[in-house]
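S.K.: Handing over my_file-v6.cif, mmCIF, C-alpha atoms and all ligand atoms.
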```
data_start
loop_
_atom_site.label_atom_id
_atom_site.label_comp_id
_atom_site.auth_asym_id
_atom_site.auth_seq_id
_atom_site.Cartn_x
_atom_site.Cartn_y
_atom_site.Cartn_z
CA MET A 1 0.00 0.00 0.00
CA THR A 2 1.29 3.45 -0.82
CA THR A 3 0.47 6.77 0.80
CA THR A 4 0.65 10.04 -1.11
CA VAL A 5 1.20 13.28 0.76
CA PRO A 6 0.77 16.47 -1.27
CA VAL A 7 3.09 19.42 -0.70
CA PRO A 8 0.67 22.21 -1.63
CA LEU A 9 2.91 25.06 -2.78
CA ALA A 10 1.37 27.76 -4.96
CA ALA A 11 3.96 27.58 -7.74
CA ASN A 12 5.76 24.28 -7.14
CA ALA A 13 3.27 21.73 -5.78
CA TYR A 14 4.39 18.10 -5.74
CA ASP A 15 3.62 14.78 -4.11
CA VAL A 16 5.60 12.65 -1.67
CA VAL A 17 4.86 8.95 -2.20
CA ILE A 18 5.59 6.55 0.68
CA GLY A 19 5.55 2.76 0.35
CA ASN A 20 7.47 -0.48 0.36
CA GLY A 21 8.58 -1.07 -3.25
CA LEU A 22 8.03 2.05 -5.37
CA LEU A 23 10.16 1.41 -8.46
CA ALA A 24 7.13 1.10 -10.75
CA ASP A 25 5.55 4.26 -9.29
CA LEU A 26 8.84 6.16 -9.74
CA SER A 27 9.20 4.93 -13.29
CA GLN A 28 5.62 5.83 -14.19
CA SER A 29 5.99 9.31 -12.74
CA VAL A 30 9.30 9.99 -14.52
CA ARG A 31 7.91 8.76 -17.83
CA ALA A 32 4.83 10.96 -17.40
CA ALA A 33 7.15 13.97 -16.97
CA ALA A 34 8.71 13.12 -20.37
CA PRO A 35 12.26 14.27 -19.66
CA SER A 36 14.72 14.40 -22.56
CA ARG A 37 17.31 12.53 -20.43
CA VAL A 38 17.45 11.15 -16.90
CA VAL A 39 20.62 11.12 -14.79
CA VAL A 40 20.75 9.32 -11.44
CA ILE A 41 23.12 10.89 -8.91
CA THR A 42 24.06 8.63 -6.02
CA ASP A 43 26.93 7.85 -3.63
CA ALA A 44 29.45 5.03 -3.44
CA HIS A 45 27.58 3.14 -0.70
CA VAL A 46 24.19 3.30 -2.36
CA ALA A 47 25.39 2.76 -5.96
CA PRO A 48 26.25 -0.97 -5.72
CA LEU A 49 23.11 -1.68 -3.69
CA HIS A 50 20.38 0.18 -5.52
CA ALA A 51 21.49 2.37 -8.43
CA GLU A 52 21.64 -0.20 -11.20
CA GLU A 53 18.02 -1.26 -10.73
CA VAL A 54 16.82 2.35 -10.75
CA ALA A 55 18.98 3.34 -13.72
CA ARG A 56 17.82 0.32 -15.75
CA GLU A 57 14.17 1.04 -15.00
CA LEU A 58 14.53 4.73 -15.95
CA GLY A 59 16.95 4.26 -18.85
CA ALA A 60 19.27 6.64 -17.01
CA ARG A 61 23.01 7.09 -16.74
CA VAL A 62 24.54 7.17 -13.24
CA ILE A 63 26.94 9.61 -11.56
CA THR A 64 28.48 8.33 -8.32
CA VAL A 65 30.12 10.58 -5.72
CA PRO A 66 32.06 9.43 -2.64
CA ALA A 67 29.84 8.69 0.38
CA GLY A 68 29.86 11.17 3.24
CA GLU A 69 29.46 14.83 4.14
CA ASP A 70 32.72 15.79 2.36
CA SER A 71 30.90 15.28 -0.94
CA LYS A 72 28.73 18.32 -0.18
CA SER A 73 31.60 20.43 -1.51
CA ILE A 74 32.21 22.80 -4.38
CA ALA A 75 34.91 20.41 -5.65
CA THR A 76 32.48 17.47 -5.87
CA LEU A 77 29.79 19.71 -7.30
CA ASP A 78 32.21 20.84 -10.02
CA ARG A 79 32.97 17.20 -10.85
CA VAL A 80 29.24 16.45 -11.02
CA TYR A 81 28.64 19.42 -13.36
CA GLY A 82 31.45 18.04 -15.54
CA GLU A 83 29.93 14.56 -15.70
CA LEU A 84 26.48 16.00 -16.36
CA LEU A 85 27.62 18.30 -19.15
CA ALA A 86 30.47 16.40 -20.86
CA PRO A 87 28.29 14.03 -22.94
CA ARG A 88 26.45 17.15 -24.27
CA ASP A 89 23.13 15.31 -24.13
CA LEU A 90 21.29 17.47 -21.59
CA ASP A 91 18.85 20.28 -22.18
CA ARG A 92 16.49 22.05 -19.81
CA SER A 93 13.93 19.26 -20.01
CA ALA A 94 16.41 16.76 -18.56
CA MET A 95 15.81 15.37 -15.08
CA ILE A 96 18.06 14.43 -12.18
CA VAL A 97 17.11 11.63 -9.81
CA ALA A 98 18.82 12.02 -6.42
CA LEU A 99 19.18 8.49 -5.03
CA GLY A 100 20.72 8.57 -1.55
CA GLY A 101 20.69 10.19 1.85
CA GLY A 102 20.63 13.87 2.68
CA VAL A 103 24.13 14.40 1.29
CA VAL A 104 23.17 13.20 -2.18
CA GLY A 105 19.79 14.94 -1.95
CA ASP A 106 21.35 18.32 -1.07
CA LEU A 107 24.19 18.02 -3.62
CA ALA A 108 22.12 16.67 -6.53
CA GLY A 109 19.31 19.09 -5.68
CA PHE A 110 21.73 22.03 -5.85
CA ALA A 111 23.22 20.74 -9.11
CA ALA A 112 19.66 20.58 -10.52
CA ALA A 113 18.85 24.06 -9.19
CA THR A 114 21.79 25.60 -10.99
CA LEU A 115 22.47 23.48 -14.09
CA LEU A 116 21.25 25.28 -17.23
CA ARG A 117 19.49 27.74 -14.86
CA GLY A 118 17.49 24.95 -13.28
CA ILE A 119 16.30 21.49 -14.30
CA ARG A 120 13.87 19.12 -12.58
CA CYS A 121 14.97 16.87 -9.75
CA VAL A 122 13.17 13.89 -8.27
CA GLN A 123 14.26 12.94 -4.76
CA VAL A 124 14.54 9.22 -3.93
CA PRO A 125 15.73 9.25 -0.30
CA THR A 126 17.46 6.12 1.00
CA THR A 127 18.02 7.11 4.66
CA LEU A 128 15.33 7.63 7.26
CA LEU A 129 16.57 11.18 7.85
CA ALA A 130 16.25 12.00 4.17
CA MET A 131 12.75 10.46 4.01
CA VAL A 132 11.33 12.35 6.98
CA ASP A 133 13.22 15.58 6.57
CA SER A 134 15.77 16.58 3.95
CA SER A 135 14.07 15.33 0.75
CA VAL A 136 10.96 17.43 1.41
CA GLY A 137 11.02 21.20 1.31
CA GLY A 138 13.39 22.14 -1.48
CA LYS A 139 16.43 23.24 0.55
CA THR A 140 19.55 22.29 -1.41
CA ALA A 141 23.15 23.17 -0.62
CA VAL A 142 26.81 22.39 -0.50
CA ASN A 143 29.17 23.32 2.30
CA HIS A 144 31.89 25.99 2.24
CA ALA A 145 35.14 26.20 4.17
CA THR A 146 33.47 28.84 6.36
CA GLY A 147 30.42 26.73 7.26
CA LYS A 148 27.81 24.13 6.44
CA ASN A 149 25.13 24.66 3.77
CA LEU A 150 26.32 28.19 2.97
CA ILE A 151 26.11 27.81 -0.83
CA GLY A 152 22.59 26.77 -1.71
CA ALA A 153 19.22 27.41 -3.27
CA PHE A 154 15.57 26.69 -2.73
CA HIS A 155 14.64 24.25 -5.48
CA GLN A 156 11.53 22.19 -4.87
CA PRO A 157 11.70 18.63 -6.19
CA ALA A 158 9.36 17.48 -8.96
CA GLY A 159 8.42 14.55 -6.71
CA VAL A 160 9.67 12.49 -3.77
CA PHE A 161 9.56 8.68 -3.51
CA CYS A 162 10.21 7.27 -0.02
CA ASP A 163 10.74 3.57 -0.67
CA LEU A 164 11.06 1.87 2.73
CA ARG A 165 12.80 -1.11 1.07
CA TYR A 166 15.99 0.94 0.92
CA LEU A 167 16.17 1.13 4.70
CA HIS A 168 16.96 -2.59 4.95
CA THR A 169 20.50 -1.93 3.76
CA LEU A 170 21.01 1.19 5.88
CA PRO A 171 23.38 0.65 8.85
CA GLN A 172 21.33 0.45 12.08
CA ARG A 173 23.18 3.38 13.65
CA GLU A 174 22.24 5.63 10.70
CA TYR A 175 18.66 4.40 10.91
CA VAL A 176 18.36 5.08 14.66
CA SER A 177 19.90 8.51 14.15
CA GLY A 178 17.03 9.22 11.74
CA LEU A 179 14.57 8.22 14.45
CA ALA A 180 15.75 11.27 16.44
CA GLU A 181 14.27 13.56 13.76
CA VAL A 182 11.08 11.49 13.92
CA VAL A 183 10.87 12.06 17.69
CA LYS A 184 11.53 15.76 17.08
CA THR A 185 8.54 15.93 14.73
CA ALA A 186 6.38 14.17 17.30
CA ALA A 187 7.48 16.59 20.03
CA ILE A 188 6.97 19.82 18.11
CA GLY A 189 4.03 18.91 15.98
CA ASP A 190 2.02 15.79 16.26
CA SER A 191 0.71 14.12 19.43
CA GLY A 192 -0.84 11.35 17.30
CA LEU A 193 2.65 10.55 16.05
CA LEU A 194 4.00 10.48 19.60
CA GLU A 195 1.40 7.84 20.51
CA LEU A 196 2.22 5.88 17.37
CA LEU A 197 5.91 5.84 18.32
CA GLU A 198 5.22 4.88 21.94
CA SER A 199 3.03 1.98 20.88
CA ASP A 200 5.47 0.41 18.42
CA VAL A 201 9.05 0.91 19.60
CA ILE A 202 10.30 -2.61 18.78
CA ALA A 203 8.72 -2.79 15.31
CA LEU A 204 10.11 0.66 14.55
CA LEU A 205 13.60 -0.28 15.69
CA GLN A 206 13.37 -3.18 13.22
CA ALA A 207 12.15 -0.83 10.46
CA GLN A 208 9.10 -3.02 9.89
CA PRO A 209 7.25 -1.39 6.98
CA ALA A 210 3.78 -1.79 8.53
CA ALA A 211 4.86 0.22 11.58
CA LEU A 212 7.16 2.60 9.76
CA ALA A 213 4.97 3.66 6.82
CA PRO A 214 2.41 5.61 8.91
CA VAL A 215 5.28 7.18 10.90
CA VAL A 216 7.11 8.40 7.78
CA ALA A 217 3.80 9.62 6.35
CA ALA A 218 3.05 11.58 9.55
CA CYS A 219 6.48 13.21 9.50
CA VAL A 220 6.18 14.11 5.82
CA ARG A 221 2.66 15.49 6.38
CA PHE A 222 3.97 17.69 9.17
CA LYS A 223 6.98 18.90 7.19
CA ALA A 224 4.79 19.53 4.12
CA GLY A 225 2.52 21.72 6.25
CA VAL A 226 5.44 23.73 7.62
CA VAL A 227 6.98 24.15 4.16
CA ALA A 228 3.63 25.19 2.66
CA ASP A 229 3.34 27.89 5.37
CA ASP A 230 6.92 29.10 5.12
CA GLU A 231 8.46 27.93 1.86
CA ARG A 232 11.53 30.18 2.05
CA GLU A 233 12.00 30.43 5.79
CA THR A 234 10.69 33.96 6.10
CA THR A 235 7.78 33.69 8.59
CA GLY A 236 9.64 31.86 11.37
CA ARG A 237 7.48 28.69 11.22
CA ARG A 238 10.23 26.69 9.52
CA ALA A 239 12.62 27.71 12.31
CA MET A 240 10.59 25.51 14.71
CA LEU A 241 12.12 22.49 12.95
CA ASN A 242 15.35 23.42 14.74
CA PHE A 243 14.12 22.03 18.08
CA GLY A 244 17.18 20.44 19.71
CA HIS A 245 19.49 21.76 17.01
CA THR A 246 21.21 24.64 18.84
CA VAL A 247 22.97 22.37 21.32
CA GLY A 248 23.10 19.61 18.68
CA HIS A 249 25.04 21.84 16.26
CA ALA A 250 27.34 23.00 19.06
CA LEU A 251 28.21 19.38 19.89
CA GLU A 252 28.84 18.60 16.22
CA THR A 253 31.17 21.62 16.07
CA LEU A 254 33.02 20.72 19.27
CA PHE A 255 33.47 17.04 18.37
CA PRO A 256 33.36 16.63 14.59
CA GLY A 257 32.47 13.07 13.64
CA ARG A 258 31.77 11.83 17.18
CA TRP A 259 28.00 11.76 16.71
CA LEU A 260 25.76 11.32 13.72
CA HIS A 261 23.52 14.34 13.22
CA GLY A 262 20.44 12.72 14.80
CA GLU A 263 22.47 11.58 17.79
CA ALA A 264 23.67 15.14 18.44
CA VAL A 265 20.11 16.40 18.00
CA SER A 266 18.91 13.80 20.52
CA ILE A 267 21.25 15.23 23.17
CA GLY A 268 20.18 18.72 22.08
CA MET A 269 16.50 17.80 22.49
CA MET A 270 17.18 16.61 26.05
CA SER A 271 18.69 20.05 26.75
CA ALA A 272 15.80 21.83 25.02
CA LEU A 273 13.27 19.79 27.03
CA ARG A 274 14.95 20.83 30.30
CA LEU A 275 14.93 24.44 29.15
CA SER A 276 11.26 24.11 28.20
CA GLN A 277 10.39 22.74 31.66
CA ARG A 278 12.28 25.49 33.46
CA ARG A 279 11.49 28.50 31.31
CA ALA A 280 8.44 27.76 29.16
CA GLY A 281 6.21 25.79 31.54
CA LEU A 282 6.37 22.43 29.74
CA PRO A 283 4.76 19.93 32.16
CA ASP A 284 7.28 17.39 33.51
CA ASP A 285 5.17 14.42 32.39
CA ASP A 286 5.24 15.64 28.78
CA ALA A 287 8.99 16.17 28.83
CA HIS A 288 9.45 12.67 30.28
CA ARG A 289 7.39 11.11 27.44
CA VAL A 290 9.80 12.49 24.86
CA GLU A 291 12.86 11.58 26.95
CA ARG A 292 11.59 8.00 27.38
CA LEU A 293 11.20 7.61 23.62
CA LEU A 294 14.71 8.83 22.88
CA ARG A 295 16.02 6.39 25.49
CA ALA A 296 13.89 3.52 24.14
CA PHE A 297 15.40 4.05 20.69
CA GLY A 298 18.87 3.90 22.25
CA LEU A 299 19.73 7.49 21.33
CA PRO A 300 22.33 9.37 23.40
CA GLU A 301 20.95 11.76 25.98
CA SER A 302 23.70 13.53 27.92
CA VAL A 303 26.11 16.30 27.16
CA PRO A 304 29.47 14.61 27.82
CA PRO A 305 31.02 15.67 31.14
CA GLU A 306 34.33 16.54 29.50
CA ILE A 307 32.72 19.57 27.89
CA GLU A 308 33.26 22.71 29.97
CA THR A 309 30.23 24.98 30.31
CA PHE A 310 32.17 27.95 28.87
CA GLU A 311 33.07 25.89 25.77
CA LEU A 312 29.42 25.03 25.16
CA GLY A 313 28.44 28.68 25.69
CA ALA A 314 31.08 30.02 23.32
CA THR A 315 30.13 27.50 20.63
CA ILE A 316 26.42 28.23 20.98
CA LEU A 317 27.13 31.95 20.66
CA GLY A 318 28.89 31.16 17.40
CA ASP A 319 25.65 29.57 16.15
CA LYS A 320 23.71 31.60 13.60
CA LYS A 321 20.42 31.89 15.55
CA ARG A 322 21.69 34.83 17.61
CA ASP A 323 19.58 37.62 18.98
CA GLY A 324 21.50 40.56 20.44
CA GLY A 325 23.73 39.15 23.20
CA GLY A 326 21.71 35.96 23.43
CA VAL A 327 20.46 33.05 21.45
CA ARG A 328 16.94 32.08 20.43
CA PHE A 329 16.07 28.52 21.38
CA VAL A 330 13.12 26.53 20.16
CA VAL A 331 11.28 25.48 23.33
CA LEU A 332 7.97 23.73 23.98
CA ARG A 333 5.23 25.36 26.02
CA ASP A 334 3.30 22.12 25.58
CA LEU A 335 3.82 19.12 23.32
CA GLY A 336 3.12 20.33 19.81
CA GLN A 337 3.46 24.01 20.88
CA PRO A 338 6.98 25.14 19.93
CA GLU A 339 8.04 28.75 20.25
CA LEU A 340 11.22 30.78 20.13
CA LEU A 341 12.69 31.89 23.46
CA ALA A 342 15.49 34.46 23.57
CA CYS A 343 17.99 33.55 26.28
CA ALA A 344 21.11 35.27 27.54
CA VAL A 345 23.95 32.76 27.39
CA ASP A 346 24.93 32.80 31.06
CA ASP A 347 25.83 30.27 33.70
CA ALA A 348 22.22 29.59 34.68
CA LEU A 349 21.26 28.76 31.08
CA LEU A 350 24.32 26.60 30.50
CA ARG A 351 23.68 24.59 33.70
CA ILE A 352 20.17 23.79 32.45
CA LEU A 353 21.45 22.80 29.01
CA MET A 354 24.19 20.61 30.49
CA GLY A 355 21.74 18.94 32.89
CA TYR A 356 23.44 20.20 36.06
CA GLY A 357 21.45 21.20 39.13
CA ASP A 358 21.17 24.80 40.33
CA ALA A 359 24.42 26.43 41.43
N1 LIG A 401 17.87 19.90 2.85
C1 LIG A 401 17.39 19.80 4.06
O1 LIG A 401 16.31 20.31 4.39
C2 LIG A 401 18.16 19.01 5.07
C3 LIG A 401 17.57 18.68 6.30
C4 LIG A 401 18.28 17.90 7.20
C5 LIG A 401 19.56 17.45 6.86
N2 LIG A 401 20.10 17.80 5.67
C6 LIG A 401 21.44 17.33 5.29
O2 LIG A 401 21.39 15.92 5.18
C7 LIG A 401 22.71 15.42 5.34
C8 LIG A 401 22.68 14.18 6.19
O3 LIG A 401 21.88 13.23 5.56
P1 LIG A 401 21.95 11.68 5.96
O4 LIG A 401 21.87 11.54 7.42
O5 LIG A 401 20.94 11.00 5.10
O6 LIG A 401 23.45 11.30 5.60
P2 LIG A 401 24.16 10.64 4.31
O7 LIG A 401 23.53 11.07 3.06
O8 LIG A 401 25.61 10.88 4.48
O9 LIG A 401 23.87 9.09 4.51
C9 LIG A 401 24.38 8.44 5.65
C10 LIG A 401 25.23 7.21 5.25
O10 LIG A 401 24.36 6.16 4.86
C11 LIG A 401 24.75 5.68 3.55
N3 LIG A 401 23.50 5.23 2.93
C12 LIG A 401 22.48 6.01 2.53
N4 LIG A 401 21.44 5.24 2.17
C13 LIG A 401 21.83 3.94 2.33
C14 LIG A 401 21.17 2.70 2.14
N5 LIG A 401 19.89 2.62 1.78
N6 LIG A 401 21.88 1.57 2.39
C15 LIG A 401 23.19 1.65 2.82
N7 LIG A 401 23.83 2.79 3.04
C16 LIG A 401 23.15 3.93 2.80
C17 LIG A 401 25.44 6.84 2.91
O11 LIG A 401 26.31 6.41 1.90
C18 LIG A 401 26.19 7.44 4.10
O12 LIG A 401 27.35 6.70 4.34
C19 LIG A 401 23.54 16.55 5.94
O13 LIG A 401 24.42 17.05 4.97
C20 LIG A 401 22.50 17.61 6.28
O14 LIG A 401 23.01 18.92 6.16
C21 LIG A 401 19.43 18.56 4.78
#
```
What would the structure in this file look like if it were written as structure tokens?
Ligand SMILES: NC(=O)c1ccc[n+]([C@@H]2O[C@H](COP(=O)([O-])OP(=O)(O)OC[C@H]3O[C@@H](n4cnc5c(N)ncnc54)[C@H](O)[C@@H]3O)[C@@H](O)[C@H]2O)c1

M.R.:
Amino acid sequence: MTTTVPVPLAANAYDVVIGNGLLADLSQSVRAAAPSRVVVITDAHVAPLHAEEVARELGARVITVPAGEDSKSIATLDRVYGELLAPRDLDRSAMIVALGGGVVGDLAGFAAATLLRGIRCVQVPTTLLAMVDSSVGGKTAVNHATGKNLIGAFHQPAGVFCDLRYLHTLPQREYVSGLAEVVKTAAIGDSGLLELLESDVIALLQAQPAALAPVVAACVRFKAGVVADDERETTGRRAMLNFGHTVGHALETLFPGRWLHGEAVSIGMMSALRLSQRRAGLPDDDAHRVERLLRAFGLPESVPPEIETFELGATILGDKKRDGGGVRFVVLRDLGQPELLACAVDDALLRILMGYGDA
């Protein structure tokens, strides 16, 4: 059974299709779009597992980039432009299919946004994170020496196909890291989703399609709603998706490579929940529900003790969501009620974020 979630944008509406085995649906949709050529962009882990089948079905050629965040670079992008353009067979009705996790989605999406002033891109996410988050919403980017995602464009995909089959080859740690973004969606937006997660922890840890499909659909529905309200991140609604990300980003900066993104966000959500309890009136029972879920999925929860409070503070102040001398955190007044809270970065704040008691 497949589920289709529309992303109702005025100028760039598209559908996200979720199911277990979507090759025929993908093929039908690409054919209906009648592209002059199709190019699949993928990475070196996904290519041997899944690219040949997709390329054969779509009659596409394949471009493979190295796996990992380093591929979201101007150097790799330049190589991709070269491989796209060298055969001289592309025109503006060509189509890119981004087959991979968020790295491939962001890189291939940006290549599509800029090649020949913009060609169509279909996103075929192969990680849980990419299914529930990065493939929907049209944010595309590569990194720059001065920071992550600094060279980018909004370029909505022509369609998104979340085929749960791909998750069977995804390393478990990557999969569980994606569950952190699922818990984030449940905390900021969807109490029905929170109940769904609580009722099916084991099946979800095993990525059983019957349990996972409604969860992915709920996340996509939520993200589609946020994107439809705030397509280009101008109204502030899209900023709510950053729940847990301020501390999460700081940890990723302080210890590059130690945590996967979702793992860092899990620790960041624990901090944001404590801040919400102390400064936004989030009832303890609600905070504990989210904490229990993160724990049940085996996600990390504590800021490591070797981090000094001043280091965390300085790194957070380097984060881009600054407001005067302080930082704006996404906090929860209630489950599903996120809001921005401006906080001075002082000892009291840092003790809450680190999980220490009062001084
Ligand atoms: N555009 C957005 O809105 C948005 C949102 C969130 C994150 N992101 C970006 O997403 C990126 C992270 O994405 P990610 O977590 O998917 O990482 P990723 O793309 O690096 O994938 C994680 C790892 O899993 C491998 N992999 C992917 N699918 C596989 C499969 N089915 N089987 C086996 N191996 C597989 C990849 O090769 C890689 O080694 C970051 O660059 C982040 O900035 C973008």

S.K.: Could you work out an axis-aligned bounding box for all listed atoms of ligand LIG 401 (chain A), with 5 Å added on each of the six sides, and give its centre and edge lengths in Å to one decimal, as lines of an AutoDock Vina configuration file?

M.R.:
```
center_x = 21.8
center_y = 10.9
center_z = 4.6
size_x = 21.0
size_y = 28.7
size_z = 15.6
```

S.K.: Counting all atoms listed in the file, find residues at most 10 Å from (18.6, 10.2, -9.5) (file frame) and give them as JSON, numbers by chain.

M.R.: {"A": [38, 39, 40, 41, 42, 51, 54, 55, 58, 60, 61, 62, 63, 95, 96, 97, 98, 99, 100, 104, 105, 108, 109, 121, 122, 123, 124, 125]}

S.K.: Only C-alpha atoms, please: the residues just picked out, written as a PDB file, in the frame of the given file.

M.R.:
```pdb
ATOM      1  CA  VAL A  38      17.450  11.150 -16.900  1.00  0.00           C
ATOM      2  CA  VAL A  39      20.620  11.120 -14.790  1.00  0.00           C
ATOM      3  CA  VAL A  40      20.750   9.320 -11.440  1.00  0.00           C
ATOM      4  CA  ILE A  41      23.120  10.890  -8.910  1.00  0.00           C
ATOM      5  CA  THR A  42      24.060   8.630  -6.020  1.00  0.00           C
ATOM      6  CA  ALA A  51      21.490   2.370  -8.430  1.00  0.00           C
ATOM      7  CA  VAL A  54      16.820   2.350 -10.750  1.00  0.00           C
ATOM      8  CA  ALA A  55      18.980   3.340 -13.720  1.00  0.00           C
ATOM      9  CA  LEU A  58      14.530   4.730 -15.950  1.00  0.00           C
ATOM     10  CA  ALA A  60      19.270   6.640 -17.010  1.00  0.00           C
ATOM     11  CA  ARG A  61      23.010   7.090 -16.740  1.00  0.00           C
ATOM     12  CA  VAL A  62      24.540   7.170 -13.240  1.00  0.00           C
ATOM     13  CA  ILE A  63      26.940   9.610 -11.560  1.00  0.00           C
ATOM     14  CA  MET A  95      15.810  15.370 -15.080  1.00  0.00           C
ATOM     15  CA  ILE A  96      18.060  14.430 -12.180  1.00  0.00           C
ATOM     16  CA  VAL A  97      17.110  11.630  -9.810  1.00  0.00           C
ATOM     17  CA  ALA A  98      18.820  12.020  -6.420  1.00  0.00           C
ATOM     18  CA  LEU A  99      19.180   8.490  -5.030  1.00  0.00           C
ATOM     19  CA  GLY A 100      20.720   8.570  -1.550  1.00  0.00           C
ATOM     20  CA  VAL A 104      23.170  13.200  -2.180  1.00  0.00           C
ATOM     21  CA  GLY A 105      19.790  14.940  -1.950  1.00  0.00           C
ATOM     22  CA  ALA A 108      22.120  16.670  -6.530  1.00  0.00           C
ATOM     23  CA  GLY A 109      19.310  19.090  -5.680  1.00  0.00           C
ATOM     24  CA  CYS A 121      14.970  16.870  -9.750  1.00  0.00           C
ATOM     25  CA  VAL A 122      13.170  13.890  -8.270  1.00  0.00           C
ATOM     26  CA  GLN A 123      14.260  12.940  -4.760  1.00  0.00           C
ATOM     27  CA  VAL A 124      14.540   9.220  -3.930  1.00  0.00           C
ATOM     28  CA  PRO A 125      15.730   9.250  -0.300  1.00  0.00           C
TER      29      PRO A 125
END
```

S.K.: Calculated over only C-alpha atoms and all ligand atoms, which of the candidates A:Met131, A:Val7, A:Ala112, A:Ala210 has the smallest distance to ligand LIG 401 (chain A)?

M.R.: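 When distances to ligand LIG 401 (chain A) are compared using only C-alpha atoms and all ligand atoms, the smallest one comes from A:Met131.
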
S.K.: Return as number ranges by chain the residues of protein, DNA or RNA that approach ligand LIG 401 (chain A) to within 6 Å, with only C-alpha atoms and all ligand atoms taken into account.

M.R.: A: 43, 45-46, 67-69, 100-104, 106, 126-127, 129-130, 133-134, 139-140, 166-167, 169-170

S.K.: Using all atoms listed in the file, can you tell me which of A:Val303, A:Ala296, A:Ala224, A:Ala187 comes closest to Arg333 of chain A?

M.R.: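 So, comparing all the options, the nearest one is A:Ala187.
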
S.K.: What is the atom CA of Pro35 of chain A-atom CA of Gly118 of chain A distance in Å, reported with one decimal?

M.R.: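 Spanning atom CA of Pro35 of chain A to atom CA of Gly118 of chain A is a straight-line distance of 13.5 Å.
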
S.K.: Env of Val331 of chain A: 12 Å cut, atoms = only C-alpha atoms, seq-sep filter 6 positions within chain, self excluded. Answer as a PyMOL selection string.

M.R.: chain A and resi 184+187-188+239-246+268-282+287+337-343+353

S.K.: Return the single residue from A:Val132, A:Val142, A:Leu116, A:Leu294 that is closest to Val5 of chain A, with distances computed using only C-alpha atoms.

M.R.: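 Ranked by minimum distance to Val5 of chain A, first place goes to A:Val132.
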
S.K.: In terms of the shortest atom-to-atom distance over all atoms listed in the file, which of A:Cys219, A:Leu260, A:Leu196, A:Ala113 is closest to Pro171 of chain A?

M.R.: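 Among A:Cys219, A:Leu260, A:Leu196, A:Ala113, it is A:Leu260 that comes nearest to Pro171 of chain A.
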
S.K.: From the options A:Val30, A:Met354, A:Leu179, A:Leu293, which residue's atoms come nearest to Gly159 of chain A, counting all atoms listed in the file?

M.R.: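 Looking at the shortest contact to Gly159 of chain A, the residue is A:Val30.
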
S.K.: A:Leu299, A:Met1, A:Leu197, A:Ala145: which is nearest Asp25 of chain A, counting all atoms listed in the file?

M.R.: A:Met1

S.K.: Just give me the gap between atom CA of Asp285 of chain A and atom CA of Glu174 of chain A in Å, one decimal is fine.

M.R.: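 Taking atom CA of Asp285 of chain A and atom CA of Glu174 of chain A, their separation equals 29.0 Å.
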
S.K.: As a PyMOL selection string, please: the residues near Ala250 of chain A (cut-off 10 Å, all atoms listed in the file, same-chain neighbours under 2 positions excluded).

M.R.: chain A and resi 245-248+252-256+264-265+268+311-319

S.K.: Store the residues picked out above in a file with C-alpha atoms, as a tab-separated table (two decimals), in the frame of the given file.

M.R.:
```
chain	number	residue	atom	x	y	z
A	245	HIS	CA	19.49	21.76	17.01
A	246	THR	CA	21.21	24.64	18.84
A	247	VAL	CA	22.97	22.37	21.32
A	248	GLY	CA	23.10	19.61	18.68
A	252	GLU	CA	28.84	18.60	16.22
A	253	THR	CA	31.17	21.62	16.07
A	254	LEU	CA	33.02	20.72	19.27
A	255	PHE	CA	33.47	17.04	18.37
A	256	PRO	CA	33.36	16.63	14.59
A	264	ALA	CA	23.67	15.14	18.44
A	265	VAL	CA	20.11	16.40	18.00
A	268	GLY	CA	20.18	18.72	22.08
A	311	GLU	CA	33.07	25.89	25.77
A	312	LEU	CA	29.42	25.03	25.16
A	313	GLY	CA	28.44	28.68	25.69
A	314	ALA	CA	31.08	30.02	23.32
A	315	THR	CA	30.13	27.50	20.63
A	316	ILE	CA	26.42	28.23	20.98
A	317	LEU	CA	27.13	31.95	20.66
A	318	GLY	CA	28.89	31.16	17.40
A	319	ASP	CA	25.65	29.57	16.15
```

S.K.: Please list as a list in words every residue within 12 Å of Ala11 of chain A, counting only C-alpha atoms and excluding residues in the same chain fewer than 6 positions away.

M.R.: His155, Gln156, Pro157, Ala158, Ala228 and Glu231 of chain A
